[in-house]
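Worksheet: the structure to be examined is printed underneath.
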Amino acid sequence: MAQRSRHRHQAPGSGSGRARPTACARTDPGKGTAPRRAAGRVGTELGSGLAAAAAAGCHPYFNLPDFTQPSPPSTPSSLPSHQRCRPSDVTKGLLVALLGGGLPAGFVGPFSRMAYQASHLPSLELLICRCLFHLPIALLLKLRGDPLLGPPDVRGRACLHALLNVLSIGCAYSAVQVVPAGNAATVRKGSSTVCSALLALCLESQRLSGYDWCGLLGSTLGLIIIVGPGLGTLQEGTTGLYTALGYVLAFLGGLALSLGLLVYRSLDFPSCLLTVAFLFGLVGLVGSVPGLFLLQTPVLPNDPLSWSCVGAVGILALVSFVCVSYAVTKAHPALVCAVLHSEVVVALMLQYYVLYETVAPSDVMGAGVVLGSIAIITAQNLSCEREGQVEE
């Protein structure tokens, strides 16, 4: 009895007079020489000690996750805020100018020439048809409750922007009737790029990086390669005079386009894009209708090809107008005009495959230089903005 009592006092965790084992304390199951009954008591006390340790949560074997409880709903893993990126404004502007401005505009020149060759459609009549596509925008402005002509304090500049764009388009349509479509688009886009760069530097004090200047000079060089041989072989007499006049009109169209883009950047009011699009149609109609009857002879096309070309010109030109106006608010006007040189490449392809007009090797070489320059400008300005931080 005394030996059994002594073993009972030696067993860990037994007896009411000794302290309970702490939550993280190791429990000794006892010696191998203890009797079987004492070992049973030791196992009981050991189990109670481990249960207390599990309840306290500090035993190493009980730090595993509890798989018996339902797991919380899984949420998609998201990057930290300093790693989430979105395209910068310059990137979005250049992509919109390339895909929505340059590519559709490349079809406008060849389609205009096809309409002229099919039914001798005058340039001012084609401009009137294009302006008609802008007038339904008045319904959108009325639904939004905005004034059709814009706020009174910026109404003059908005009308000036519309007038400059009408002059630019009128010069381009007139030039494309006496000059190949690709060459006319080349001169117009080249002059708009150079004039936009000079005007932005002089009036807005905007600086361009070295890569931007390299792209601008490269695109201008490509345009010179395209147009240079044609300018050197102008014929004498009436034909050569009309050809030279076509190139002059294309240059003036580019100058007016660059001025219009610069004026548009100074406009800042709600529904600015819709307002200037509607004003373009309104001012174009007011100026073109009297000019058509005074300077040219109206023609009513009676073949489906002419009407198809007129409809395509109106829709594609409206898409290009809206995209270019949006892009110039996000990126430098000179960069936007340089990216719009993609119109020249599209026009040359259509000139060769659709109009069956000759494309010289210099045209192909110049188009390659233009595309390389566009790639330099776009790659240099492709960047993203980290959310909550400044543009990279």
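Convention: chains lettered A, B, ... in structure tokens order; per-chain residue numbering from 1; ligands numbered from 1 as shown.
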
Problem set entry | For Ser266 (chain A): contacts at 12 Å, only C-alpha atoms, fewer than 5 positions along chain excluded, given as number ranges by chain | A: 154-158, 160-161, 200, 203-204, 259-261, 272, 325, 328-329

Please report, as an mmCIF file with N, CA, C and O atoms, in the first residue's frame, each residue of region 245-314 of chain A to which DSSP assigns alpha helix (DSSP H) when run on this structure's backbone.
data_model
loop_
_atom_site.group_PDB
_atom_site.id
_atom_site.type_symbol
_atom_site.label_atom_id
_atom_site.label_comp_id
_atom_site.auth_asym_id
_atom_site.auth_seq_id
_atom_site.Cartn_x
_atom_site.Cartn_y
_atom_site.Cartn_z
ATOM 1 N N LEU A 245 -0.661 72.516 -108.108
ATOM 2 C CA LEU A 245 -1.729 73.099 -107.299
ATOM 3 C C LEU A 245 -2.318 72.069 -106.339
ATOM 4 O O LEU A 245 -2.653 72.386 -105.191
ATOM 5 N N GLY A 246 -2.402 70.808 -106.788
ATOM 6 C CA GLY A 246 -2.904 69.751 -105.905
ATOM 7 C C GLY A 246 -1.999 69.538 -104.706
ATOM 8 O O GLY A 246 -2.475 69.377 -103.572
ATOM 9 N N TYR A 247 -0.684 69.569 -104.927
ATOM 10 C CA TYR A 247 0.248 69.413 -103.806
ATOM 11 C C TYR A 247 0.170 70.615 -102.863
ATOM 12 O O TYR A 247 0.280 70.455 -101.637
ATOM 13 N N VAL A 248 -0.016 71.816 -103.423
ATOM 14 C CA VAL A 248 -0.147 73.003 -102.566
ATOM 15 C C VAL A 248 -1.408 72.902 -101.712
ATOM 16 O O VAL A 248 -1.392 73.218 -100.506
ATOM 17 N N LEU A 249 -2.500 72.449 -102.312
ATOM 18 C CA LEU A 249 -3.735 72.289 -101.545
ATOM 19 C C LEU A 249 -3.574 71.234 -100.446
ATOM 20 O O LEU A 249 -4.079 71.398 -99.336
ATOM 21 N N ALA A 250 -2.856 70.154 -100.752
ATOM 22 C CA ALA A 250 -2.619 69.132 -99.737
ATOM 23 C C ALA A 250 -1.791 69.692 -98.581
ATOM 24 O O ALA A 250 -2.059 69.403 -97.410
ATOM 25 N N PHE A 251 -0.797 70.529 -98.902
ATOM 26 C CA PHE A 251 0.004 71.151 -97.841
ATOM 27 C C PHE A 251 -0.849 72.090 -96.990
ATOM 28 O O PHE A 251 -0.758 72.084 -95.750
ATOM 29 N N LEU A 252 -1.681 72.898 -97.637
ATOM 30 C CA LEU A 252 -2.547 73.802 -96.875
ATOM 31 C C LEU A 252 -3.549 73.030 -96.022
ATOM 32 O O LEU A 252 -3.901 73.455 -94.919
ATOM 33 N N GLY A 253 -4.005 71.886 -96.538
ATOM 34 C CA GLY A 253 -4.895 71.048 -95.740
ATOM 35 C C GLY A 253 -4.216 70.540 -94.479
ATOM 36 O O GLY A 253 -4.827 70.499 -93.405
ATOM 37 N N GLY A 254 -2.958 70.153 -94.574
ATOM 38 C CA GLY A 254 -2.222 69.730 -93.377
ATOM 39 C C GLY A 254 -2.001 70.859 -92.395
ATOM 40 O O GLY A 254 -2.093 70.672 -91.174
ATOM 41 N N LEU A 255 -1.704 72.064 -92.913
ATOM 42 C CA LEU A 255 -1.531 73.220 -92.030
ATOM 43 C C LEU A 255 -2.825 73.542 -91.283
ATOM 44 O O LEU A 255 -2.821 73.797 -90.068
ATOM 45 N N ALA A 256 -3.937 73.529 -91.997
ATOM 46 C CA ALA A 256 -5.219 73.794 -91.340
ATOM 47 C C ALA A 256 -5.559 72.715 -90.316
ATOM 48 O O ALA A 256 -6.113 72.998 -89.248
ATOM 49 N N LEU A 257 -5.201 71.456 -90.603
ATOM 50 C CA LEU A 257 -5.457 70.379 -89.655
ATOM 51 C C LEU A 257 -4.672 70.569 -88.368
ATOM 52 O O LEU A 257 -5.206 70.390 -87.257
ATOM 53 N N SER A 258 -3.404 70.945 -88.479
ATOM 54 C CA SER A 258 -2.589 71.154 -87.276
ATOM 55 C C SER A 258 -3.120 72.324 -86.445
ATOM 56 O O SER A 258 -3.149 72.254 -85.208
ATOM 57 N N LEU A 259 -3.552 73.391 -87.105
ATOM 58 C CA LEU A 259 -4.138 74.521 -86.367
ATOM 59 C C LEU A 259 -5.437 74.100 -85.671
ATOM 60 O O LEU A 259 -5.695 74.484 -84.522
ATOM 61 N N GLY A 260 -6.247 73.299 -86.366
ATOM 62 C CA GLY A 260 -7.495 72.838 -85.761
ATOM 63 C C GLY A 260 -7.257 71.969 -84.539
ATOM 64 O O GLY A 260 -7.962 72.090 -83.522
ATOM 65 N N LEU A 261 -6.264 71.089 -84.597
ATOM 66 C CA LEU A 261 -5.957 70.248 -83.436
ATOM 67 C C LEU A 261 -5.471 71.081 -82.264
ATOM 68 O O LEU A 261 -5.796 70.811 -81.096
ATOM 69 N N LEU A 262 -4.693 72.109 -82.562
ATOM 70 C CA LEU A 262 -4.203 72.967 -81.478
ATOM 71 C C LEU A 262 -5.348 73.747 -80.836
ATOM 72 O O LEU A 262 -5.384 73.912 -79.607
ATOM 73 N N VAL A 263 -6.288 74.210 -81.640
ATOM 74 C CA VAL A 263 -7.443 74.922 -81.084
ATOM 75 C C VAL A 263 -8.299 73.973 -80.249
ATOM 76 O O VAL A 263 -8.799 74.338 -79.182
ATOM 77 N N TYR A 264 -8.444 72.744 -80.714
ATOM 78 C CA TYR A 264 -9.279 71.796 -79.976
ATOM 79 C C TYR A 264 -8.712 71.486 -78.598
ATOM 80 O O TYR A 264 -9.450 71.267 -77.642
ATOM 81 N N ARG A 265 -7.390 71.464 -78.471
ATOM 82 C CA ARG A 265 -6.780 71.187 -77.164
ATOM 83 C C ARG A 265 -7.089 72.280 -76.149
ATOM 84 O O ARG A 265 -7.012 72.055 -74.943
ATOM 85 N N CYS A 272 -17.686 68.271 -75.199
ATOM 86 C CA CYS A 272 -16.837 69.011 -76.147
ATOM 87 C C CYS A 272 -16.714 68.258 -77.465
ATOM 88 O O CYS A 272 -16.823 68.840 -78.547
ATOM 89 N N LEU A 273 -16.522 66.942 -77.392
ATOM 90 C CA LEU A 273 -16.333 66.154 -78.605
ATOM 91 C C LEU A 273 -17.585 66.150 -79.472
ATOM 92 O O LEU A 273 -17.515 66.328 -80.697
ATOM 93 N N LEU A 274 -18.746 65.980 -78.844
ATOM 94 C CA LEU A 274 -19.994 65.981 -79.613
ATOM 95 C C LEU A 274 -20.271 67.353 -80.218
ATOM 96 O O LEU A 274 -20.760 67.460 -81.354
ATOM 97 N N THR A 275 -19.943 68.394 -79.454
ATOM 98 C CA THR A 275 -20.218 69.749 -79.945
ATOM 99 C C THR A 275 -19.389 70.076 -81.176
ATOM 100 O O THR A 275 -19.913 70.593 -82.180
ATOM 101 N N VAL A 276 -18.084 69.781 -81.133
ATOM 102 C CA VAL A 276 -17.238 70.120 -82.283
ATOM 103 C C VAL A 276 -17.579 69.244 -83.492
ATOM 104 O O VAL A 276 -17.459 69.689 -84.648
ATOM 105 N N ALA A 277 -18.021 68.006 -83.245
ATOM 106 C CA ALA A 277 -18.429 67.159 -84.370
ATOM 107 C C ALA A 277 -19.677 67.725 -85.050
ATOM 108 O O ALA A 277 -19.769 67.742 -86.290
ATOM 109 N N PHE A 278 -20.625 68.199 -84.246
ATOM 110 C CA PHE A 278 -21.825 68.796 -84.847
ATOM 111 C C PHE A 278 -21.494 70.109 -85.548
ATOM 112 O O PHE A 278 -21.992 70.385 -86.650
ATOM 113 N N LEU A 279 -20.640 70.924 -84.934
ATOM 114 C CA LEU A 279 -20.278 72.199 -85.551
ATOM 115 C C LEU A 279 -19.535 71.996 -86.869
ATOM 116 O O LEU A 279 -19.668 72.809 -87.785
ATOM 117 N N PHE A 280 -18.767 70.928 -86.972
ATOM 118 C CA PHE A 280 -18.106 70.645 -88.242
ATOM 119 C C PHE A 280 -19.136 70.453 -89.350
ATOM 120 O O PHE A 280 -18.987 70.995 -90.463
ATOM 121 N N GLY A 281 -20.174 69.677 -89.062
ATOM 122 C CA GLY A 281 -21.211 69.478 -90.078
ATOM 123 C C GLY A 281 -21.960 70.749 -90.398
ATOM 124 O O GLY A 281 -22.251 71.035 -91.566
ATOM 125 N N LEU A 282 -22.260 71.556 -89.369
ATOM 126 C CA LEU A 282 -23.018 72.786 -89.588
ATOM 127 C C LEU A 282 -22.209 73.806 -90.383
ATOM 128 O O LEU A 282 -22.685 74.365 -91.391
ATOM 129 N N VAL A 283 -20.978 74.051 -89.958
ATOM 130 C CA VAL A 283 -20.133 75.026 -90.656
ATOM 131 C C VAL A 283 -19.810 74.533 -92.070
ATOM 132 O O VAL A 283 -19.759 75.321 -93.019
ATOM 133 N N GLY A 284 -19.607 73.235 -92.217
ATOM 134 C CA GLY A 284 -19.318 72.697 -93.538
ATOM 135 C C GLY A 284 -20.470 72.899 -94.509
ATOM 136 O O GLY A 284 -20.253 73.256 -95.671
ATOM 137 N N LEU A 285 -21.690 72.694 -94.026
ATOM 138 C CA LEU A 285 -22.847 72.920 -94.898
ATOM 139 C C LEU A 285 -23.008 74.387 -95.255
ATOM 140 O O LEU A 285 -23.273 74.734 -96.411
ATOM 141 N N VAL A 286 -22.846 75.258 -94.267
ATOM 142 C CA VAL A 286 -23.024 76.692 -94.515
ATOM 143 C C VAL A 286 -22.007 77.211 -95.528
ATOM 144 O O VAL A 286 -22.315 78.054 -96.382
ATOM 145 N N GLY A 287 -20.777 76.691 -95.461
ATOM 146 C CA GLY A 287 -19.753 77.186 -96.388
ATOM 147 C C GLY A 287 -19.713 76.469 -97.715
ATOM 148 O O GLY A 287 -19.322 77.060 -98.741
ATOM 149 N N SER A 288 -20.117 75.187 -97.735
ATOM 150 C CA SER A 288 -19.950 74.397 -98.954
ATOM 151 C C SER A 288 -21.101 74.563 -99.941
ATOM 152 O O SER A 288 -20.883 74.504 -101.162
ATOM 153 N N VAL A 289 -22.311 74.743 -99.428
ATOM 154 C CA VAL A 289 -23.460 74.825 -100.341
ATOM 155 C C VAL A 289 -23.346 76.036 -101.276
ATOM 156 O O VAL A 289 -23.477 75.893 -102.509
ATOM 157 N N PRO A 290 -23.091 77.262 -100.772
ATOM 158 C CA PRO A 290 -22.916 78.375 -101.727
ATOM 159 C C PRO A 290 -21.696 78.196 -102.630
ATOM 160 O O PRO A 290 -21.743 78.518 -103.826
ATOM 161 N N GLY A 291 -20.584 77.644 -102.035
ATOM 162 C CA GLY A 291 -19.387 77.457 -102.842
ATOM 163 C C GLY A 291 -19.585 76.449 -103.951
ATOM 164 O O GLY A 291 -18.990 76.573 -105.036
ATOM 165 N N LEU A 292 -20.429 75.449 -103.732
ATOM 166 C CA LEU A 292 -20.680 74.450 -104.771
ATOM 167 C C LEU A 292 -21.347 75.074 -105.982
ATOM 168 O O LEU A 292 -20.971 74.798 -107.131
ATOM 169 N N PHE A 293 -22.335 75.951 -105.752
ATOM 170 C CA PHE A 293 -23.054 76.545 -106.888
ATOM 171 C C PHE A 293 -22.260 77.675 -107.540
ATOM 172 O O PHE A 293 -22.497 78.007 -108.708
ATOM 173 N N LEU A 294 -21.333 78.287 -106.794
ATOM 174 C CA LEU A 294 -20.546 79.373 -107.361
ATOM 175 C C LEU A 294 -19.298 78.872 -108.072
ATOM 176 O O LEU A 294 -18.916 79.404 -109.129
ATOM 177 N N LEU A 295 -18.618 77.885 -107.507
ATOM 178 C CA LEU A 295 -17.326 77.466 -108.036
ATOM 179 C C LEU A 295 -17.382 76.180 -108.839
ATOM 180 O O LEU A 295 -16.521 75.955 -109.706
ATOM 181 N N PRO A 304 -24.682 52.955 -108.463
ATOM 182 C CA PRO A 304 -24.522 52.486 -107.076
ATOM 183 C C PRO A 304 -23.107 52.650 -106.539
ATOM 184 O O PRO A 304 -22.922 52.849 -105.333
ATOM 185 N N LEU A 305 -22.101 52.577 -107.412
ATOM 186 C CA LEU A 305 -20.720 52.695 -106.945
ATOM 187 C C LEU A 305 -20.461 54.058 -106.313
ATOM 188 O O LEU A 305 -19.841 54.159 -105.248
ATOM 189 N N SER A 306 -20.949 55.109 -106.964
ATOM 190 C CA SER A 306 -20.725 56.456 -106.423
ATOM 191 C C SER A 306 -21.411 56.624 -105.066
ATOM 192 O O SER A 306 -20.823 57.155 -104.110
ATOM 193 N N TRP A 307 -22.675 56.167 -104.958
ATOM 194 C CA TRP A 307 -23.375 56.298 -103.685
ATOM 195 C C TRP A 307 -22.719 55.453 -102.593
ATOM 196 O O TRP A 307 -22.662 55.861 -101.423
ATOM 197 N N SER A 308 -22.214 54.286 -102.958
ATOM 198 C CA SER A 308 -21.514 53.446 -101.966
ATOM 199 C C SER A 308 -20.246 54.136 -101.483
ATOM 200 O O SER A 308 -19.944 54.137 -100.282
ATOM 201 N N CYS A 309 -19.509 54.733 -102.412
ATOM 202 C CA CYS A 309 -18.284 55.440 -102.018
ATOM 203 C C CYS A 309 -18.602 56.649 -101.152
ATOM 204 O O CYS A 309 -17.900 56.921 -100.161
ATOM 205 N N VAL A 310 -19.670 57.377 -101.493
ATOM 206 C CA VAL A 310 -20.048 58.543 -100.683
ATOM 207 C C VAL A 310 -20.438 58.117 -99.264
ATOM 208 O O VAL A 310 -20.026 58.725 -98.268
ATOM 209 N N GLY A 311 -21.230 57.040 -99.143
ATOM 210 C CA GLY A 311 -21.604 56.557 -97.816
ATOM 211 C C GLY A 311 -20.407 56.080 -97.008
ATOM 212 O O GLY A 311 -20.296 56.355 -95.808
ATOM 213 N N ALA A 312 -19.493 55.357 -97.670
ATOM 214 C CA ALA A 312 -18.299 54.886 -96.969
ATOM 215 C C ALA A 312 -17.423 56.046 -96.520
ATOM 216 O O ALA A 312 -16.881 56.045 -95.402
ATOM 217 N N VAL A 313 -17.290 57.058 -97.373
ATOM 218 C CA VAL A 313 -16.496 58.229 -97.001
ATOM 219 C C VAL A 313 -17.105 58.927 -95.792
ATOM 220 O O VAL A 313 -16.393 59.320 -94.849
ATOM 221 N N GLY A 314 -18.424 59.091 -95.773
ATOM 222 C CA GLY A 314 -19.067 59.770 -94.655
ATOM 223 C C GLY A 314 -18.890 59.039 -93.341
ATOM 224 O O GLY A 314 -18.553 59.643 -92.311
#

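CA of Ile226 (chain A) is found 18.4 Å from CA of Ala105 (chain A).
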
For this session: May I have the residues within 8 Å of Gly101 (chain A) as an MDAnalysis selection string, using only C-alpha atoms and disregarding those fewer than 5 positions away in the same chain?
Result: chainID A and resid 96 319:324 340

Mind dumping the selected residues with all heavy atoms as an mmCIF file, in the first residue's frame?
data_model
loop_
_atom_site.group_PDB
_atom_site.id
_atom_site.type_symbol
_atom_site.label_atom_id
_atom_site.label_comp_id
_atom_site.auth_asym_id
_atom_site.auth_seq_id
_atom_site.Cartn_x
_atom_site.Cartn_y
_atom_site.Cartn_z
ATOM 1 N N VAL A 96 -5.650 54.917 -80.034
ATOM 2 C CA VAL A 96 -6.905 55.359 -80.645
ATOM 3 C C VAL A 96 -6.624 56.070 -81.962
ATOM 4 O O VAL A 96 -7.335 55.881 -82.957
ATOM 5 C CB VAL A 96 -7.679 56.261 -79.671
ATOM 6 C CG1 VAL A 96 -8.838 56.951 -80.369
ATOM 7 C CG2 VAL A 96 -8.216 55.445 -78.505
ATOM 8 N N VAL A 319 -15.829 58.503 -88.096
ATOM 9 C CA VAL A 319 -15.103 57.711 -87.096
ATOM 10 C C VAL A 319 -13.699 58.272 -86.891
ATOM 11 O O VAL A 319 -13.224 58.429 -85.755
ATOM 12 C CB VAL A 319 -15.051 56.236 -87.536
ATOM 13 C CG1 VAL A 319 -14.146 55.430 -86.625
ATOM 14 C CG2 VAL A 319 -16.448 55.635 -87.532
ATOM 15 N N SER A 320 -13.024 58.584 -87.990
ATOM 16 C CA SER A 320 -11.672 59.128 -87.887
ATOM 17 C C SER A 320 -11.660 60.488 -87.183
ATOM 18 O O SER A 320 -10.779 60.769 -86.360
ATOM 19 C CB SER A 320 -11.065 59.259 -89.286
ATOM 20 O OG SER A 320 -9.786 59.841 -89.231
ATOM 21 N N PHE A 321 -12.641 61.332 -87.486
ATOM 22 C CA PHE A 321 -12.713 62.654 -86.865
ATOM 23 C C PHE A 321 -12.861 62.534 -85.349
ATOM 24 O O PHE A 321 -12.165 63.220 -84.571
ATOM 25 C CB PHE A 321 -13.888 63.433 -87.454
ATOM 26 C CG PHE A 321 -14.086 64.806 -86.889
ATOM 27 C CD1 PHE A 321 -13.459 65.898 -87.456
ATOM 28 C CD2 PHE A 321 -14.899 65.014 -85.791
ATOM 29 C CE1 PHE A 321 -13.634 67.169 -86.938
ATOM 30 C CE2 PHE A 321 -15.083 66.281 -85.261
ATOM 31 C CZ PHE A 321 -14.450 67.359 -85.837
ATOM 32 N N VAL A 322 -13.759 61.676 -84.904
ATOM 33 C CA VAL A 322 -13.995 61.524 -83.465
ATOM 34 C C VAL A 322 -12.754 60.955 -82.766
ATOM 35 O O VAL A 322 -12.344 61.430 -81.698
ATOM 36 C CB VAL A 322 -15.227 60.625 -83.227
ATOM 37 C CG1 VAL A 322 -15.381 60.300 -81.745
ATOM 38 C CG2 VAL A 322 -16.493 61.316 -83.729
ATOM 39 N N CYS A 323 -12.127 59.952 -83.374
ATOM 40 C CA CYS A 323 -10.962 59.329 -82.743
ATOM 41 C C CYS A 323 -9.767 60.280 -82.670
ATOM 42 O O CYS A 323 -9.061 60.332 -81.655
ATOM 43 C CB CYS A 323 -10.582 58.060 -83.501
ATOM 44 S SG CYS A 323 -11.781 56.719 -83.326
ATOM 45 N N VAL A 324 -9.546 61.039 -83.730
ATOM 46 C CA VAL A 324 -8.421 61.986 -83.715
ATOM 47 C C VAL A 324 -8.674 63.102 -82.692
ATOM 48 O O VAL A 324 -7.758 63.515 -81.968
ATOM 49 C CB VAL A 324 -8.200 62.565 -85.125
ATOM 50 C CG1 VAL A 324 -7.193 63.699 -85.094
ATOM 51 C CG2 VAL A 324 -7.718 61.470 -86.067
ATOM 52 N N LEU A 340 -0.807 59.148 -87.360
ATOM 53 C CA LEU A 340 -1.792 59.187 -88.443
ATOM 54 C C LEU A 340 -1.164 58.961 -89.816
ATOM 55 O O LEU A 340 -1.889 58.840 -90.812
ATOM 56 C CB LEU A 340 -2.537 60.524 -88.437
ATOM 57 C CG LEU A 340 -3.510 60.750 -87.281
ATOM 58 C CD1 LEU A 340 -4.137 62.131 -87.373
ATOM 59 C CD2 LEU A 340 -4.598 59.698 -87.263
#

Exercise. What lies within 10 Å of Leu335 (chain A) using only C-alpha atoms, ignoring chain neighbours under 5 positions off, as an NGL selection string?
Worked result: :A and (90 or 93-94 or 97 or 193 or 196-197 or 208 or 212-213 or 215-216 or 327-328 or 340 or 374 or 377-378 or 381)

For this session: Give the answer as one residue: which of A:Ser271, A:Leu127, A:Leu318, A:Met349 has the shortest atom-to-atom distance to Leu140 (chain A), using only C-alpha atoms?
Result: A:Ser271

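Residues lying within 9 Å of Leu316 (chain A), counting only C-alpha atoms and ignoring same-chain neighbours fewer than 6 positions away, are Pro104, Ala105, Phe107 and Val108 of chain A.
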
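Using only C-alpha atoms, the smallest distance between any of A:Gln351, A:Ser112, A:Thr91, A:Ser119 and Val299 (chain A) comes from A:Ser119.
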
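Using only C-alpha atoms, the nearest neighbour of Ala172 (chain A) within the list A:Lys142, A:Arg113, A:Lys330, A:His341 is A:Arg113.
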
For this session: Have a look at CA of Gly368 (chain A) and CA of Ile315 (chain A) and let me know their distance in Å, one decimal.
Result: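 Interatomic distance here is 28.2 Å.
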
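Proximity to Val176 (chain A) was assessed for A:Pro301, A:Gln117, A:Val364, A:Gln296 counting only C-alpha atoms; the smallest distance is recorded for A:Gln117.
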
Problem set entry | Between CA of Gly109 (chain A) and CA of Ile169 (chain A), distance in Å (one decimal) |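 Here the two named atoms are 10.5 Å from each other.
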
Exercise. Of the candidates A:Leu124, A:Leu223, A:Val339, A:Leu241, which one gets nearest to Ala367 (chain A) if we count only C-alpha atoms?
Worked result: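 Counting only C-alpha atoms, the residue closest to Ala367 (chain A) is A:Leu223.
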